[in-house]
Each structure stands twice: as structure tokens, then as C-alpha cells.
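S.K.: Before I ask anything, let me first share the structure, which is written out below as C-alpha cells.
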Amino acid sequence: MQTSVRPNRQKPRIALIDRYIASEVAMSFAACLVVLVLVSMGGLLADVLSKIARGKLPPGLLVSQLGLNLLDFLPVLLPLAMFLGVLLAYGRLHRDSEVAVLASAGVGARQLARPLVWIALPVAALVGLTSLWLSPLALRTSHAMIEAANKSLLLAGLEPGRFVKIPGDRGVVYISAMSDDGRSFERLFVNMQREGRFDVITAQAGELFQEAQGEERYLTLFDGFRVEGQPGSDAFRMMRFARNDIRLPDVQSGSIGRVEQRMTTPELIGTAEPLELAELHWRIATPLATALLALLALPLSHTAPRQPRYGRMIVAVLAYIVYFNVLMLGRNFLADGTIPAWAGLWWAHLPLLAIALFLLWRDERMPKPRENAPGSAT
């Protein structure tokens, strides 16, 4: 008598469920990331335009600075996008009773968490790559571009054949011609106002000059005239000069981050300065925060079928805000020496990890739906 062997369909079924849940989480994460990036772009654009209008940033660096600032902001955006994506994806599965159907088929909380690992770990690795390497690189690149812009008249805001307003309503500048490298020019006119007086300066030629030590920039003018006076008064003075230097507004150094933010991660590892150690622990904290937030979002997404769609979203967002505020507060405590360097930011992760594990343990102990006994009424 031959016995037939029935194929095991359990593994293909579980793999299909895992792929389905992983695709739901991935699509929700991508949608949340796009929305967060668009919202952040609006704020970053307003900030960069404000600095350009005040003369704190060369106008030619608008697009590049916007992209570099966004790259520096990704270690904060990615964890939030992961957190919200998991909440939305698993919350929909609960509301549509798909989790209940899966539970009746023997898929428990551990099996539901497995597809999340496929998405959360690569995202955490991406956050780590961005925080440890790409973000400092973006800040260093931004710093180098602004330094180069200080040596170019074109990127400093001066264009040939056009009147350019001096930041702070201090006057206007006009040049008729400029060299290809943006370092020298011909036939300049400047009208400046300061302390109730005005200065009119003309020159046949000139160039941009920056001090070797410091951030001060000057227009060095050759062969020109300077007229000084006060409106409504006959007291005027005219001078002819062979050379005259005019100081240009400084570029705001705060727009390119602090020194420790531009340091490479190996440089931070070998330091003993509190500011630099705080920056190192912050870079390590962001990928850990991504994984912990994804773990916490799994039990927080548990909603009843008739519960409002965004019922727990407010609680989840408040938890994210409190968590990241604690991390930033710990970063400040490390920087000023209130917390010893060996403590780092590990203490800020432990409460969130404990809460997430407790909620997962509670969901695992919840009673499972009972299967109907053979021959019972349906």
C-alpha cells in the first residue's frame, strides 16, 4: 500500500504574507518620506532665501545649499518617516481586520514583525550612513562652496551691466564688465549710505580681495574718485585715489554648521572634547532611534476595526517628539559636561526599548481566535 505525501504549503503561504506586509510598509514609508521631504524643502527654501536677502549667503548657491541642507536633515526625517509608515501600514491591516484573519490562520505577532525587519534594518543602515558620513560631508562641501564664493564677484552677488543692491539698504553697486573667473572688473560705480551720509565712488578697474586670516572681503578699486557728503548740506568732499578698498558684507558662518558637525567620524572617535563627543553620540543615536521607533510603532498600530483611522497617530507623534527632545537634551548635556562621556545617549534609548518590548509581550499574550471544532456549526 502506497501512501501519498502531501506537499507542505505552509512555507509558500508565509512567504507570500511576508512579501505582502513588507510591500505595504515600504509604500507607506515612501509616501511619508516624500511628504516630509516636501514640507522640509519649503522651510529650508524660506531659510536659504532669507539668508540670501540679508546678504548672508551668495545668491548663486541657492540650489546647491538647499540640496546640501536637505541631506544634512535626512537623519531626522528618515526615522520619522519610518515610524509613521509602520503606523499607517499596520494600522490599516488592523482596521480592515486582515490581522484578525491572519491570526486565525496561525500568524502571530512574531510572524507579523518579521516583514518589518526587512524594511527597518536597511532604513536604519541608511540613516547610519547618512549620519556618520553623508551629513558631515554635505556640511564640509557647503563650507567649501561658500569659501570659494567669497573669492568670486559673480557668486558674491555682483553681475556686470546690472545695479545690485547692497544688503541692509546700504546702497547699490554697478560694474560694466567682469573677467571670466569673477575676480576682477572694470568701470565700477558705488552709491553707499551710512549714518546719514552718502558716498559715491567710481573706479576704472578693481578686483575682489579677501584677507588671508579671517572672513573679511574687500573690493580693491584702482584709479577713481570718491565724493562724500550729507543730504541738505553744502559740505562735500571729493578725493581722487590710486587705490581704495571697500569692505563687503560677511557670509554668515552659522549657515554651514559648527566645526564639530563638519568633522569626520574617525576624527570624532579619537577626541576627548565634550562638544565633539556629543556630536559622535548623536550620530550613533539616529540609526538606533530608527530601529527602536519601528519596533515601538508595531504595537502602537494596533487599532480596533471601528476606531478612527488616526486615533493613535497623535499619541505616536507625541512619543516621537518627546523621544527626540530627550536625545537633543542629552546631546546638550554631553556638550557642556553635565553627563559624563561614558554615559553617552544610551540611557535615552532604554525607556523606549522597555516600553516597546512590554507592548509586544502584551500583544503576544493576548488570546488567539479559536478555530471551529470539526463538525461544529458554522
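Here, A, B, ... name the chains of the C-alpha cells in the order displayed, residue numbers run from 1 inside each chain, and ligands are numbered from 1 in the same displayed order.
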Find the residues near Phe324 of chain A: any atom within 12 Å, counting only C-alpha atoms, skip ones fewer than 2 places away on the same chain, and give them as a ChimeraX atom specification.

M.R.: /A:75-77,79-80,282,285-286,288-290,292-293,317-322,326-331,345,348-349,352

S.K.: Between atom CA of Val172 of chain A and atom CA of Met192 of chain A, what is the distance, to one decimal in Å?

M.R.: 6.6 Å

S.K.: From the options A:Asp18, A:Asp199, A:Asp223, A:Asp363, which residue's atoms come nearest to Leu102 of chain A, counting only C-alpha atoms?

M.R.: A:Asp18

S.K.: From a DSSP pass on the backbone, collect the residues of segment 1-124 of chain A flagged as helix (DSSP H, G or I) and hand them back as a PyMOL selection string.

M.R.: chain A and resi 10-53+59-95+98-104+109-124

S.K.: If we count only C-alpha atoms and set the cut-off at 12 Å, which residues sit around Ala235 of chain A, ignoring sequence neighbours fewer than 6 positions away in its own chain? Please answer as a list in words.

M.R.: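 Residues meeting the cut-off are Arg197, Phe198, Val227, Glu228 and Gly229 of chain A.
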
S.K.: Just write the chosen residues, N, CA and C atoms, as a PDB file, in the first residue's frame.

M.R.:
ATOM      1  N   ARG A 197      24.946 109.983   5.952  1.00  0.00           N
ATOM      2  CA  ARG A 197      25.818 110.494   4.898  1.00  0.00           C
ATOM      3  C   ARG A 197      25.805 109.525   3.726  1.00  0.00           C
ATOM      4  N   PHE A 198      26.227 110.001   2.576  1.00  0.00           N
ATOM      5  CA  PHE A 198      26.321 109.123   1.414  1.00  0.00           C
ATOM      6  C   PHE A 198      27.684 109.278   0.770  1.00  0.00           C
ATOM      7  N   VAL A 227      33.278 110.822  -3.575  1.00  0.00           N
ATOM      8  CA  VAL A 227      32.593 112.034  -3.141  1.00  0.00           C
ATOM      9  C   VAL A 227      31.797 111.689  -1.889  1.00  0.00           C
ATOM     10  N   GLU A 228      32.040 112.448  -0.793  1.00  0.00           N
ATOM     11  CA  GLU A 228      31.349 112.248   0.471  1.00  0.00           C
ATOM     12  C   GLU A 228      30.572 113.500   0.820  1.00  0.00           C
ATOM     13  N   GLY A 229      29.393 113.326   1.399  1.00  0.00           N
ATOM     14  CA  GLY A 229      28.597 114.477   1.786  1.00  0.00           C
ATOM     15  C   GLY A 229      27.367 114.070   2.562  1.00  0.00           C
TER      16      GLY A 229
END

S.K.: Produce a table with one row for each residue of segment 13-60 of chain A that has an atom at most 12 Å from any atom of segment 107-130 of chain A, each row naming the nearest atom pair and its distance in Å at one decimal; use only C-alpha atoms; arrange rows by chain and rising residue number; format as a Markdown table.

M.R.:
| residue | atom | partner | partner_atom | distance |
| --- | --- | --- | --- | --- |
| A:Arg13 | CA | A:Val107 | CA | 10.4 |
| A:Ile14 | CA | A:Val107 | CA | 8.2 |
| A:Ala15 | CA | A:Pro115 | CA | 9.5 |
| A:Leu16 | CA | A:Pro115 | CA | 10.6 |
| A:Ile17 | CA | A:Pro115 | CA | 8.7 |
| A:Asp18 | CA | A:Pro115 | CA | 5.2 |
| A:Arg19 | CA | A:Pro115 | CA | 7.1 |
| A:Tyr20 | CA | A:Pro115 | CA | 8.6 |
| A:Ile21 | CA | A:Pro115 | CA | 6.2 |
| A:Ala22 | CA | A:Pro115 | CA | 5.0 |
| A:Ser23 | CA | A:Pro115 | CA | 8.8 |
| A:Glu24 | CA | A:Pro115 | CA | 9.7 |
| A:Val25 | CA | A:Leu116 | CA | 7.2 |
| A:Ala26 | CA | A:Ile119 | CA | 6.7 |
| A:Met27 | CA | A:Ile119 | CA | 10.5 |
| A:Ser28 | CA | A:Ile119 | CA | 11.1 |
| A:Phe29 | CA | A:Ile119 | CA | 9.1 |
| A:Ala30 | CA | A:Val123 | CA | 11.0 |
| A:Leu33 | CA | A:Val123 | CA | 11.5 |
